[in-house]
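Enquirer: Quick one: this structure, given as structure tokens, is what I'll be asking you about.
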Amino acid sequence: MAFSGPFSNEVPFWGNGPSPGCIYDFPRANKSLMNDGFRQHSQRPITTTTSVLAIKFDGGVVMSADLLGSYGSLARFTNCSRIVNINKNIMIGASGDYADFQYLKDIVQQKIIDEDCMDDGFCLKPKSLHCWLTRVLYNRRSKFDPLWNDYVVAGLQDGVPFLGAVNMLGTAYEDKHIATGYGAHIALPLMREAAEKKPNLTQQEAQHLLVKCMEVLYYRDGRTFNKYQIGCITATGVEITDPLTIVGNWSTAKVY
């Protein structure tokens with residue numbers, strides 16, 4: 001019987017509430033995510049990030065990504081690092097839902113810890129991680145519960161630069177230059193043009209090209225930010241810079 005009010009024995013204090021000393025069983029509490037036997041998942045990401053750019057050069061791969069995490073259309077988080085050093089042979093970058101990226105990043109890093117504990121002299125290679133990410137993302141997509149990310153895997157496979165991408169559907173490919181998000185429309189043509197003019201870029205030329213692309217994206221992409229990082233992998237290892245800043249030049253903008 002529901003608990004009665006202090007001034008009347010006839011009007012219940014909480015008509016459908018629990019009896020004193022009992023736990024209320026909320027309707028469909030154990031089926032809150034069920035609808036006719038099917039589990040419902042989020043159909044859109046919440047805190048999102050934008051483009052990741054990467055290009056091969058003579059001896060390695062360079063990658064760049066800004067630090068903005070957008071809460072819808074609000075530029076909410078300004079320190080979302082998205083380039084991660086996996087081991088001495090691999091670094092990855094991701095765009096899309098930042099929570100899904102953090103979830104999968106923790107799993108990959110735990111795999112590296114387990115591998116180090118085995119101490120058998122072997123280490124994960126970029127093609128292996130690229131293939132593993134393809135299987136994981138395709139598996140989640142097949143369950144109608146995708147991880148809302150595009151991943152870029154860069155590394156050295158037996159001394160040879162490797163660059164591959166995987167999207168949220170599990171579609172994977174390799175290329176000499178890769179861009180995700182809005183950068184696939186704006187920055188990728190600039191990267192292809194530079195690669196056609198000079199197929200074997202040096203490390204400095206590749207980094208300069210990505211800085212130029214990040215500046216163009218800062219002008220054109222409404223979900224980007226003027227702080228970014230650059231990661232570079234060579235035979236000596238992985239190096240990820242501290243946050244860099246785009247000053248910007250708006251003098252060409254017309255004021256009406």
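Ordering of the structure tokens sets the chain letters (A, B, ...), residue numbers begin anew at 1 in every chain, and ligands are numbered from 1 in the order given.
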I need the strand (DSSP E or B) residues of region 23-200 of chain A per DSSP on the backbone, written as a count of residues only.

Expert: 62

Enquirer: For region 169-173 of chain A, find every residue with an atom within 6 Å (counting only C-alpha atoms), except residues of its own chain fewer than 5 positions away, and show them as a list in words.

Expert: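 The residues satisfying every condition are Thr134, Leu137, Tyr138, Arg141 and Gly164 of chain A.
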
Enquirer: Skip Thr202 (chain A) itself and residues of its chain fewer than 5 positions away, then list as an mmCIF file with all heavy atoms, in the first residue's frame all residues within 10 Å of it, counting only C-alpha atoms.

Expert:
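Generated file (selection-v3.cif):
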```
data_model
loop_
_atom_site.group_PDB
_atom_site.id
_atom_site.type_symbol
_atom_site.label_atom_id
_atom_site.label_comp_id
_atom_site.auth_asym_id
_atom_site.auth_seq_id
_atom_site.Cartn_x
_atom_site.Cartn_y
_atom_site.Cartn_z
ATOM 1 N N LYS A 56 52.423 10.263 -46.823
ATOM 2 C CA LYS A 56 53.726 9.605 -46.791
ATOM 3 C C LYS A 56 54.802 10.554 -47.311
ATOM 4 O O LYS A 56 54.551 11.401 -48.163
ATOM 5 C CB LYS A 56 53.717 8.358 -47.674
ATOM 6 C CG LYS A 56 52.910 7.188 -47.149
ATOM 7 C CD LYS A 56 53.045 6.014 -48.107
ATOM 8 C CE LYS A 56 52.227 4.815 -47.668
ATOM 9 N NZ LYS A 56 52.369 3.688 -48.632
ATOM 10 N N PHE A 57 55.999 10.374 -46.788
ATOM 11 C CA PHE A 57 57.160 11.054 -47.351
ATOM 12 C C PHE A 57 58.290 10.043 -47.452
ATOM 13 O O PHE A 57 58.126 8.862 -47.114
ATOM 14 C CB PHE A 57 57.560 12.275 -46.503
ATOM 15 C CG PHE A 57 57.986 11.950 -45.100
ATOM 16 C CD1 PHE A 57 59.305 11.623 -44.805
ATOM 17 C CD2 PHE A 57 57.062 11.967 -44.063
ATOM 18 C CE1 PHE A 57 59.706 11.322 -43.530
ATOM 19 C CE2 PHE A 57 57.452 11.673 -42.772
ATOM 20 C CZ PHE A 57 58.773 11.350 -42.492
ATOM 21 N N ASP A 58 59.405 10.486 -47.938
ATOM 22 C CA ASP A 58 60.533 9.591 -48.170
ATOM 23 C C ASP A 58 61.147 9.173 -46.829
ATOM 24 O O ASP A 58 62.017 9.845 -46.296
ATOM 25 C CB ASP A 58 61.583 10.284 -49.042
ATOM 26 C CG ASP A 58 62.699 9.341 -49.451
ATOM 27 O OD1 ASP A 58 62.503 8.115 -49.345
ATOM 28 O OD2 ASP A 58 63.760 9.836 -49.871
ATOM 29 N N GLY A 59 60.629 8.060 -46.271
ATOM 30 C CA GLY A 59 61.179 7.557 -45.012
ATOM 31 C C GLY A 59 60.198 7.493 -43.874
ATOM 32 O O GLY A 59 60.556 7.067 -42.769
ATOM 33 N N GLY A 60 58.954 7.887 -44.085
ATOM 34 C CA GLY A 60 58.000 7.839 -42.985
ATOM 35 C C GLY A 60 56.646 8.417 -43.363
ATOM 36 O O GLY A 60 56.308 8.558 -44.541
ATOM 37 N N GLN A 207 55.580 18.099 -43.818
ATOM 38 C CA GLN A 207 55.074 18.841 -42.671
ATOM 39 C C GLN A 207 54.592 20.225 -43.075
ATOM 40 O O GLN A 207 53.540 20.691 -42.611
ATOM 41 C CB GLN A 207 56.154 18.945 -41.597
ATOM 42 C CG GLN A 207 56.461 17.629 -40.905
ATOM 43 C CD GLN A 207 57.524 17.776 -39.836
ATOM 44 O OE1 GLN A 207 58.234 18.777 -39.764
ATOM 45 N NE2 GLN A 207 57.658 16.764 -38.999
ATOM 46 N N HIS A 208 55.339 20.890 -43.943
ATOM 47 C CA HIS A 208 54.927 22.215 -44.417
ATOM 48 C C HIS A 208 53.607 22.132 -45.171
ATOM 49 O O HIS A 208 52.742 23.004 -45.040
ATOM 50 C CB HIS A 208 56.014 22.808 -45.312
ATOM 51 C CG HIS A 208 55.673 24.161 -45.857
ATOM 52 N ND1 HIS A 208 55.676 25.309 -45.091
ATOM 53 C CD2 HIS A 208 55.269 24.547 -47.110
ATOM 54 C CE1 HIS A 208 55.322 26.337 -45.833
ATOM 55 N NE2 HIS A 208 55.073 25.911 -47.062
#
```

Enquirer: Any idea what's packed within 9 Å of Asp100 (chain A), counting only C-alpha atoms, ignoring anything in its chain fewer than 3 positions away? Could you give it as a list in words?

Expert: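 Once the adjacent positions are removed, what remains is Pro45, Gly96, Asp97, Tyr103, Leu104, Lys105, Leu147, Trp148 and Asn149 of chain A.
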
Enquirer: Give me, as a ChimeraX atom specification, the residues of region 144-222 of chain A that a backbone DSSP run labels alpha helix (DSSP H).

Expert: /A:183-197,203-220

Enquirer: Since we have the selection now, will you write its residues out, keeping N, CA, C and O atoms, as a compact mmCIF listing (two decimals), in the first residue's frame?

Expert:
```txt
# COMPACT_ATOMS: atom_id res chain seq x y z
N GLY A 183 38.19 17.54 -44.44
CA GLY A 183 39.49 17.59 -45.12
C GLY A 183 39.52 16.75 -46.37
O GLY A 183 40.32 17.02 -47.28
N ALA A 184 38.65 15.74 -46.47
CA ALA A 184 38.60 14.93 -47.69
C ALA A 184 38.13 15.74 -48.88
O ALA A 184 38.40 15.38 -50.03
N HIS A 185 37.41 16.83 -48.63
CA HIS A 185 36.92 17.69 -49.71
C HIS A 185 37.83 18.89 -49.95
O HIS A 185 37.95 19.35 -51.10
N ILE A 186 38.45 19.40 -48.90
CA ILE A 186 39.22 20.64 -49.02
C ILE A 186 40.72 20.38 -49.09
O ILE A 186 41.43 20.91 -49.95
N ALA A 187 41.24 19.57 -48.18
CA ALA A 187 42.69 19.39 -48.07
C ALA A 187 43.23 18.32 -49.01
O ALA A 187 44.36 18.44 -49.49
N LEU A 188 42.46 17.27 -49.25
CA LEU A 188 42.98 16.17 -50.07
C LEU A 188 43.39 16.60 -51.47
O LEU A 188 44.43 16.15 -51.97
N PRO A 189 42.65 17.48 -52.16
CA PRO A 189 43.13 17.95 -53.48
C PRO A 189 44.48 18.66 -53.41
O PRO A 189 45.30 18.51 -54.33
N LEU A 190 44.72 19.41 -52.33
CA LEU A 190 46.01 20.08 -52.18
C LEU A 190 47.13 19.07 -51.98
O LEU A 190 48.23 19.22 -52.52
N MET A 191 46.84 18.02 -51.20
CA MET A 191 47.84 16.99 -50.96
C MET A 191 48.14 16.21 -52.24
O MET A 191 49.30 15.88 -52.53
N ARG A 192 47.11 15.91 -53.02
CA ARG A 192 47.32 15.17 -54.28
C ARG A 192 48.12 16.01 -55.28
O ARG A 192 48.99 15.48 -55.98
N GLU A 193 47.82 17.29 -55.33
CA GLU A 193 48.55 18.16 -56.25
C GLU A 193 50.03 18.22 -55.91
O GLU A 193 50.90 18.14 -56.79
N ALA A 194 50.32 18.33 -54.59
CA ALA A 194 51.72 18.37 -54.17
C ALA A 194 52.43 17.06 -54.45
O ALA A 194 53.60 17.04 -54.85
N ALA A 195 51.72 15.93 -54.26
CA ALA A 195 52.32 14.62 -54.50
C ALA A 195 52.57 14.38 -55.99
O ALA A 195 53.52 13.70 -56.37
N GLU A 196 51.71 14.94 -56.85
CA GLU A 196 51.91 14.79 -58.30
C GLU A 196 53.12 15.60 -58.77
O GLU A 196 53.87 15.15 -59.64
N LYS A 197 53.31 16.77 -58.18
CA LYS A 197 54.44 17.60 -58.59
C LYS A 197 55.76 17.02 -58.11
O LYS A 197 56.77 17.12 -58.80
N GLN A 203 60.65 15.06 -45.37
CA GLN A 203 59.88 15.23 -44.14
C GLN A 203 59.48 16.68 -43.93
O GLN A 203 58.34 16.97 -43.56
N GLN A 204 60.39 17.61 -44.18
CA GLN A 204 60.08 19.03 -44.00
C GLN A 204 59.01 19.49 -44.98
O GLN A 204 58.11 20.27 -44.62
N GLU A 205 59.08 19.03 -46.22
CA GLU A 205 58.08 19.41 -47.22
C GLU A 205 56.71 18.85 -46.86
O GLU A 205 55.69 19.53 -47.02
N ALA A 206 56.66 17.62 -46.37
CA ALA A 206 55.39 17.02 -45.98
C ALA A 206 54.77 17.76 -44.80
O ALA A 206 53.57 18.03 -44.78
N GLN A 207 55.58 18.10 -43.82
CA GLN A 207 55.07 18.84 -42.67
C GLN A 207 54.59 20.23 -43.07
O GLN A 207 53.54 20.69 -42.61
N HIS A 208 55.34 20.89 -43.94
CA HIS A 208 54.93 22.22 -44.42
C HIS A 208 53.61 22.13 -45.17
O HIS A 208 52.74 23.00 -45.04
N LEU A 209 53.43 21.07 -45.95
CA LEU A 209 52.18 20.88 -46.70
C LEU A 209 50.99 20.71 -45.74
O LEU A 209 49.92 21.30 -45.95
N LEU A 210 51.17 19.92 -44.69
CA LEU A 210 50.07 19.71 -43.75
C LEU A 210 49.76 20.98 -42.96
O LEU A 210 48.60 21.23 -42.64
N VAL A 211 50.76 21.76 -42.65
CA VAL A 211 50.52 23.04 -41.98
C VAL A 211 49.67 23.94 -42.87
O VAL A 211 48.72 24.60 -42.41
N LYS A 212 49.99 23.97 -44.17
CA LYS A 212 49.20 24.75 -45.11
C LYS A 212 47.76 24.24 -45.18
O LYS A 212 46.80 25.03 -45.18
N CYS A 213 47.59 22.92 -45.21
CA CYS A 213 46.24 22.34 -45.26
C CYS A 213 45.45 22.65 -43.99
O CYS A 213 44.25 22.93 -44.06
N MET A 214 46.10 22.59 -42.83
CA MET A 214 45.42 22.90 -41.58
C MET A 214 44.98 24.36 -41.55
O MET A 214 43.90 24.69 -41.03
N GLU A 215 45.78 25.24 -42.14
CA GLU A 215 45.40 26.65 -42.21
C GLU A 215 44.19 26.84 -43.12
O GLU A 215 43.27 27.60 -42.78
N VAL A 216 44.16 26.15 -44.24
CA VAL A 216 43.02 26.23 -45.15
C VAL A 216 41.75 25.71 -44.47
O VAL A 216 40.67 26.31 -44.58
N LEU A 217 41.88 24.62 -43.73
CA LEU A 217 40.72 24.07 -43.02
C LEU A 217 40.25 25.02 -41.92
O LEU A 217 39.05 25.12 -41.66
N TYR A 218 41.17 25.71 -41.29
CA TYR A 218 40.79 26.69 -40.26
C TYR A 218 39.94 27.80 -40.87
O TYR A 218 39.00 28.29 -40.24
N TYR A 219 40.24 28.18 -42.11
CA TYR A 219 39.45 29.21 -42.78
C TYR A 219 38.09 28.69 -43.25
O TYR A 219 37.11 29.44 -43.26
N ARG A 220 38.03 27.44 -43.64
CA ARG A 220 36.86 26.92 -44.36
C ARG A 220 35.95 26.01 -43.53
O ARG A 220 34.76 25.92 -43.82
```
